[in-house]
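To start, the structure itself, in structure tokens.
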Amino acid sequence: MKVALIGYGKMGHIIEQKLIERGHTVVARFNSQGIDLSELKKAEIAIEFSKPESAFNNIKTSLEAGIAAVSGTTGWLKHYPEITALSQSRKVGFLYASNFSLGVNLFFALNKKLAGLMGSYPSYQASLTEVHHLQKLDAPSGTGITLAEQILAENSQYKKWELKENAQKDDLSIEALREENVPGTHIINYDSTIDSISIKHTAHSREGFALGAVLAAEYLIDKTGVCTMQDVLNLNE
């Protein structure tokens, strides 16, 4: 594949390494200075890991140029319907994931299954704790929101999610912690007066996220319209 990297920070550099390891070519790299269309059009696909405030325009620019896009930037999803509509109307591939890690996507499947089981037992109070590095700008993270929304979809006990400091009795509480040098940890807890049930995912480095983004691009390269990591990993029911 010929790939444009939109966002060339720590993740961009690790993604570039994974692309090269798998025999692909990076033909363009863009940072906060913006996108050069003539350079972008040298690529077959763009991998976008930028910042929440620039992600929407970056993805929109890529799709309007006919370049498929894989995005791992979180915090911009109020514009997601507009982007998916653009992808479908232009027949250009688009894939967004709050987390590209294989382990996290398996964790998503496990979380959904467990939430469905626990929905029948209201004596258990669900909560979510996440820990990320200090540079993580959004709280909760996109991964945390995905996990929370899965629980809400399966358990009618909760009407919405809220950060722990704002959570009321009927809310799903999310504790979002930020610490030095933590790639990402997510814990789902179900607590009752009798016992507790927990599931946990801990990332040890960013390489798993980078490899997943490359696998997503490899999957998307010959597709049109909107795809997900569930498609990539064949996790759809």
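All residue names refer to the structure tokens as shown: chains lettered A, B, ... in order, residues numbered from 1 in each chain, ligands numbered from 1 in order.
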Those in range 2-48 of chain A with helix (DSSP H, G or I) from DSSP, as a PyMOL selection string = chain A and resi 10-21+37-40
query = Using only C-alpha atoms, which residues sit within 9 Å of Ile15 in chain A once same-chain residues fewer than 2 positions away are excluded, as a list in words?
reply =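 So, after excluding close chain neighbours, the residues are Leu5, Lys10, Met11, Gly12, His13, Gln17, Lys18, Leu19, Ile20, Ile47, Glu207, Phe209, Ala210, Leu211, Ala213 and Val214 of chain A.
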Write to file, as a PDB file, in the first residue's frame, the residues of the selection just made, with N, CA and C atoms.
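Written file, result17.pdb:
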ATOM      1  N   LEU A   5       0.380   9.398   6.225  1.00  0.00           N
ATOM      2  CA  LEU A   5       0.189   9.487   7.668  1.00  0.00           C
ATOM      3  C   LEU A   5      -0.253  10.899   8.025  1.00  0.00           C
ATOM      4  N   LYS A  10       4.008  10.465  18.207  1.00  0.00           N
ATOM      5  CA  LYS A  10       4.513   9.164  18.664  1.00  0.00           C
ATOM      6  C   LYS A  10       3.820   8.008  17.949  1.00  0.00           C
ATOM      7  N   MET A  11       2.491   8.068  17.873  1.00  0.00           N
ATOM      8  CA  MET A  11       1.768   6.990  17.202  1.00  0.00           C
ATOM      9  C   MET A  11       2.105   6.936  15.728  1.00  0.00           C
ATOM     10  N   GLY A  12       2.199   8.090  15.086  1.00  0.00           N
ATOM     11  CA  GLY A  12       2.527   8.121  13.667  1.00  0.00           C
ATOM     12  C   GLY A  12       3.854   7.451  13.371  1.00  0.00           C
ATOM     13  N   HIS A  13       4.833   7.678  14.215  1.00  0.00           N
ATOM     14  CA  HIS A  13       6.144   7.067  14.016  1.00  0.00           C
ATOM     15  C   HIS A  13       6.093   5.547  14.206  1.00  0.00           C
ATOM     16  N   GLN A  17       6.718   2.523  11.335  1.00  0.00           N
ATOM     17  CA  GLN A  17       7.589   1.362  11.526  1.00  0.00           C
ATOM     18  C   GLN A  17       6.854   0.073  11.174  1.00  0.00           C
ATOM     19  N   LYS A  18       5.600  -0.063  11.623  1.00  0.00           N
ATOM     20  CA  LYS A  18       4.828  -1.267  11.338  1.00  0.00           C
ATOM     21  C   LYS A  18       4.516  -1.389   9.842  1.00  0.00           C
ATOM     22  N   LEU A  19       4.233  -0.265   9.199  1.00  0.00           N
ATOM     23  CA  LEU A  19       3.980  -0.280   7.759  1.00  0.00           C
ATOM     24  C   LEU A  19       5.194  -0.790   6.997  1.00  0.00           C
ATOM     25  N   ILE A  20       6.357  -0.276   7.354  1.00  0.00           N
ATOM     26  CA  ILE A  20       7.591  -0.687   6.675  1.00  0.00           C
ATOM     27  C   ILE A  20       7.865  -2.166   6.921  1.00  0.00           C
ATOM     28  N   ILE A  47      -3.843   7.049   7.068  1.00  0.00           N
ATOM     29  CA  ILE A  47      -4.027   6.634   8.461  1.00  0.00           C
ATOM     30  C   ILE A  47      -3.916   7.895   9.311  1.00  0.00           C
ATOM     31  N   GLU A 207       2.490  -0.462  20.508  1.00  0.00           N
ATOM     32  CA  GLU A 207       2.704  -1.230  19.277  1.00  0.00           C
ATOM     33  C   GLU A 207       1.453  -1.993  18.854  1.00  0.00           C
ATOM     34  N   PHE A 209      -1.638  -1.017  19.234  1.00  0.00           N
ATOM     35  CA  PHE A 209      -2.536  -0.069  18.576  1.00  0.00           C
ATOM     36  C   PHE A 209      -2.081   0.189  17.138  1.00  0.00           C
ATOM     37  N   ALA A 210      -0.767   0.356  16.972  1.00  0.00           N
ATOM     38  CA  ALA A 210      -0.213   0.664  15.654  1.00  0.00           C
ATOM     39  C   ALA A 210      -0.422  -0.495  14.685  1.00  0.00           C
ATOM     40  N   LEU A 211      -0.145  -1.715  15.134  1.00  0.00           N
ATOM     41  CA  LEU A 211      -0.332  -2.876  14.268  1.00  0.00           C
ATOM     42  C   LEU A 211      -1.791  -3.006  13.871  1.00  0.00           C
ATOM     43  N   ALA A 213      -3.980  -0.649  13.514  1.00  0.00           N
ATOM     44  CA  ALA A 213      -4.298   0.378  12.518  1.00  0.00           C
ATOM     45  C   ALA A 213      -3.816  -0.034  11.132  1.00  0.00           C
ATOM     46  N   VAL A 214      -2.639  -0.660  11.076  1.00  0.00           N
ATOM     47  CA  VAL A 214      -2.116  -1.131   9.789  1.00  0.00           C
ATOM     48  C   VAL A 214      -2.977  -2.275   9.250  1.00  0.00           C
TER      49      VAL A 214
END
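What separates CA of Ala139 in chain A from CA of Glu179 in chain A is a distance of 12.7 Å.
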Would you mind writing down, as a PDB file with N, CA and C atoms, in the first residue's frame, each residue of range 78-191 of chain A that DSSP on the backbone assigns to strand (DSSP E)?
ATOM      1  N   PHE A  94     -13.943   4.083   4.702  1.00  0.00           N
ATOM      2  CA  PHE A  94     -13.637   4.777   5.958  1.00  0.00           C
ATOM      3  C   PHE A  94     -13.783   3.801   7.113  1.00  0.00           C
ATOM      4  N   LEU A  95     -12.832   3.865   8.040  1.00  0.00           N
ATOM      5  CA  LEU A  95     -12.882   3.017   9.230  1.00  0.00           C
ATOM      6  C   LEU A  95     -12.393   3.816  10.420  1.00  0.00           C
ATOM      7  N   TYR A  96     -13.265   3.941  11.423  1.00  0.00           N
ATOM      8  CA  TYR A  96     -12.891   4.575  12.693  1.00  0.00           C
ATOM      9  C   TYR A  96     -12.924   3.528  13.786  1.00  0.00           C
ATOM     10  N   GLN A 125     -23.841  -3.477  40.829  1.00  0.00           N
ATOM     11  CA  GLN A 125     -23.639  -2.102  40.344  1.00  0.00           C
ATOM     12  C   GLN A 125     -22.424  -2.080  39.422  1.00  0.00           C
ATOM     13  N   ALA A 126     -22.632  -1.670  38.188  1.00  0.00           N
ATOM     14  CA  ALA A 126     -21.538  -1.612  37.217  1.00  0.00           C
ATOM     15  C   ALA A 126     -20.789  -0.292  37.326  1.00  0.00           C
ATOM     16  N   SER A 127     -19.501  -0.331  37.074  1.00  0.00           N
ATOM     17  CA  SER A 127     -18.688   0.885  36.980  1.00  0.00           C
ATOM     18  C   SER A 127     -17.489   0.595  36.087  1.00  0.00           C
ATOM     19  N   LEU A 128     -16.844   1.663  35.633  1.00  0.00           N
ATOM     20  CA  LEU A 128     -15.716   1.546  34.722  1.00  0.00           C
ATOM     21  C   LEU A 128     -14.584   2.434  35.231  1.00  0.00           C
ATOM     22  N   THR A 129     -13.373   1.894  35.222  1.00  0.00           N
ATOM     23  CA  THR A 129     -12.180   2.674  35.555  1.00  0.00           C
ATOM     24  C   THR A 129     -11.202   2.597  34.401  1.00  0.00           C
ATOM     25  N   GLU A 130     -10.654   3.731  33.986  1.00  0.00           N
ATOM     26  CA  GLU A 130      -9.630   3.739  32.949  1.00  0.00           C
ATOM     27  C   GLU A 130      -8.429   4.544  33.430  1.00  0.00           C
ATOM     28  N   VAL A 131      -7.253   4.112  32.994  1.00  0.00           N
ATOM     29  CA  VAL A 131      -6.014   4.817  33.313  1.00  0.00           C
ATOM     30  C   VAL A 131      -5.252   5.038  32.011  1.00  0.00           C
ATOM     31  N   HIS A 132      -4.880   6.285  31.740  1.00  0.00           N
ATOM     32  CA  HIS A 132      -4.124   6.624  30.533  1.00  0.00           C
ATOM     33  C   HIS A 132      -2.961   7.544  30.894  1.00  0.00           C
ATOM     34  N   HIS A 133      -2.072   7.748  29.914  1.00  0.00           N
ATOM     35  CA  HIS A 133      -0.933   8.643  30.089  1.00  0.00           C
ATOM     36  C   HIS A 133      -1.403  10.094  30.198  1.00  0.00           C
ATOM     37  N   LYS A 160     -27.512   6.648  31.354  1.00  0.00           N
ATOM     38  CA  LYS A 160     -26.410   7.311  30.671  1.00  0.00           C
ATOM     39  C   LYS A 160     -25.138   7.064  31.472  1.00  0.00           C
ATOM     40  N   TRP A 161     -23.985   7.394  30.867  1.00  0.00           N
ATOM     41  CA  TRP A 161     -22.728   7.330  31.604  1.00  0.00           C
ATOM     42  C   TRP A 161     -22.340   8.740  32.045  1.00  0.00           C
ATOM     43  N   GLU A 162     -21.586   8.813  33.120  1.00  0.00           N
ATOM     44  CA  GLU A 162     -21.066  10.083  33.613  1.00  0.00           C
ATOM     45  C   GLU A 162     -19.709   9.841  34.259  1.00  0.00           C
ATOM     46  N   LEU A 163     -18.844  10.855  34.227  1.00  0.00           N
ATOM     47  CA  LEU A 163     -17.621  10.769  34.996  1.00  0.00           C
ATOM     48  C   LEU A 163     -17.956  10.617  36.479  1.00  0.00           C
ATOM     49  N   ASP A 171     -26.718   6.423  36.971  1.00  0.00           N
ATOM     50  CA  ASP A 171     -25.704   6.614  35.935  1.00  0.00           C
ATOM     51  C   ASP A 171     -24.654   5.508  36.005  1.00  0.00           C
ATOM     52  N   LEU A 172     -24.075   5.209  34.882  1.00  0.00           N
ATOM     53  CA  LEU A 172     -22.904   4.336  34.835  1.00  0.00           C
ATOM     54  C   LEU A 172     -21.672   5.202  35.091  1.00  0.00           C
ATOM     55  N   SER A 173     -20.979   4.946  36.174  1.00  0.00           N
ATOM     56  CA  SER A 173     -19.859   5.788  36.606  1.00  0.00           C
ATOM     57  C   SER A 173     -18.571   5.398  35.884  1.00  0.00           C
ATOM     58  N   ILE A 174     -17.862   6.405  35.374  1.00  0.00           N
ATOM     59  CA  ILE A 174     -16.545   6.208  34.755  1.00  0.00           C
ATOM     60  C   ILE A 174     -15.518   7.022  35.529  1.00  0.00           C
ATOM     61  N   GLU A 175     -14.521   6.348  36.062  1.00  0.00           N
ATOM     62  CA  GLU A 175     -13.395   7.021  36.711  1.00  0.00           C
ATOM     63  C   GLU A 175     -12.254   7.098  35.700  1.00  0.00           C
ATOM     64  N   ALA A 176     -11.873   8.302  35.305  1.00  0.00           N
ATOM     65  CA  ALA A 176     -10.841   8.512  34.286  1.00  0.00           C
ATOM     66  C   ALA A 176      -9.583   9.052  34.943  1.00  0.00           C
ATOM     67  N   LEU A 177      -8.587   8.199  35.108  1.00  0.00           N
ATOM     68  CA  LEU A 177      -7.332   8.567  35.754  1.00  0.00           C
ATOM     69  C   LEU A 177      -6.255   8.811  34.706  1.00  0.00           C
ATOM     70  N   ARG A 178      -5.351   9.741  34.982  1.00  0.00           N
ATOM     71  CA  ARG A 178      -4.243  10.051  34.091  1.00  0.00           C
ATOM     72  C   ARG A 178      -2.941   9.990  34.882  1.00  0.00           C
ATOM     73  N   GLU A 179      -2.012   9.132  34.439  1.00  0.00           N
ATOM     74  CA  GLU A 179      -0.757   8.917  35.143  1.00  0.00           C
ATOM     75  C   GLU A 179       0.395   8.868  34.146  1.00  0.00           C
ATOM     76  N   THR A 185      -5.242   1.296  30.396  1.00  0.00           N
ATOM     77  CA  THR A 185      -5.821   0.212  31.190  1.00  0.00           C
ATOM     78  C   THR A 185      -7.306   0.480  31.355  1.00  0.00           C
ATOM     79  N   HIS A 186      -8.141  -0.555  31.184  1.00  0.00           N
ATOM     80  CA  HIS A 186      -9.586  -0.418  31.341  1.00  0.00           C
ATOM     81  C   HIS A 186     -10.106  -1.568  32.187  1.00  0.00           C
ATOM     82  N   ILE A 187     -10.899  -1.232  33.187  1.00  0.00           N
ATOM     83  CA  ILE A 187     -11.437  -2.217  34.121  1.00  0.00           C
ATOM     84  C   ILE A 187     -12.951  -2.037  34.205  1.00  0.00           C
ATOM     85  N   ILE A 188     -13.684  -3.119  34.030  1.00  0.00           N
ATOM     86  CA  ILE A 188     -15.127  -3.130  34.214  1.00  0.00           C
ATOM     87  C   ILE A 188     -15.419  -3.873  35.518  1.00  0.00           C
ATOM     88  N   ASN A 189     -16.150  -3.225  36.411  1.00  0.00           N
ATOM     89  CA  ASN A 189     -16.474  -3.813  37.710  1.00  0.00           C
ATOM     90  C   ASN A 189     -17.980  -3.986  37.862  1.00  0.00           C
ATOM     91  N   TYR A 190     -18.371  -5.106  38.447  1.00  0.00           N
ATOM     92  CA  TYR A 190     -19.744  -5.334  38.875  1.00  0.00           C
ATOM     93  C   TYR A 190     -19.690  -5.697  40.354  1.00  0.00           C
ATOM     94  N   ASP A 191     -20.217  -4.816  41.204  1.00  0.00           N
ATOM     95  CA  ASP A 191     -20.112  -4.988  42.646  1.00  0.00           C
ATOM     96  C   ASP A 191     -21.485  -5.174  43.285  1.00  0.00           C
TER      97      ASP A 191
END
task = Choose the residue, out of A:Ala153, A:Ala203, A:Val104, A:Ala4, that has the smallest atom-to-atom separation from Gly184 in chain A; count only C-alpha atoms.
result = A:Ala203
Range 38-80 of chain A residues near range 26-33 of chain A within 7 Å, closest pair each, using only C-alpha atoms, as a tab-separated table:
residue	atom	partner	partner_atom	distance
A:Glu39	CA	A:Ala28	CA	6.0
A:Leu40	CA	A:Ala28	CA	6.4
A:Lys42	CA	A:Val27	CA	6.6
A:Ala43	CA	A:Val27	CA	6.2
inquiry  = Give me the residues near Ser192 in chain A as a PyMOL selection string, where near means some atom within 7 Å (using only C-alpha atoms) and where sequence neighbours in that chain fewer than 3 positions away do not count.
reply    = chain A and resi 123-125+195-196
Expected file contents, prior selection, C-alpha atoms, as a tab-separated table (two decimals), in the first residue's frame:
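After the write, result_25.tsv holds the following:
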chain	number	residue	atom	x	y	z
A	123	SER	CA	-28.09	-6.21	42.61
A	124	TYR	CA	-24.74	-5.71	40.85
A	125	GLN	CA	-23.64	-2.10	40.34
A	195	ASP	CA	-19.23	-10.38	45.76
A	196	SER	CA	-17.62	-8.62	42.81
request  = Find the residues around range 223-233 of chain A up to 10 Å (only C-alpha atoms counted), leave out those fewer than 2 positions away in its own chain, and share them as a ChimeraX atom specification.
outcome  = /A:68-70,83-102,105-106,108-109,212-213,215-221,235-237
Residues within 8 Å of Asn155 in chain A, only C-alpha atoms, excluding chain neighbours under 4 positions, as number ranges by chain = A: 115-116, 118-120, 151
task = To one decimal in Å, tell me the separation between CA of Leu110 in chain A and CA of Pro52 in chain A.
result = 27.8 Å
task = Find the residue from A:Ile197, A:Phe56, A:Lys159, A:Ala167 that sits nearest to Leu117 in chain A; use only C-alpha atoms when measuring.
result =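 Of A:Ile197, A:Phe56, A:Lys159, A:Ala167, the one nearest Leu117 in chain A is A:Ile197, counting only C-alpha atoms.
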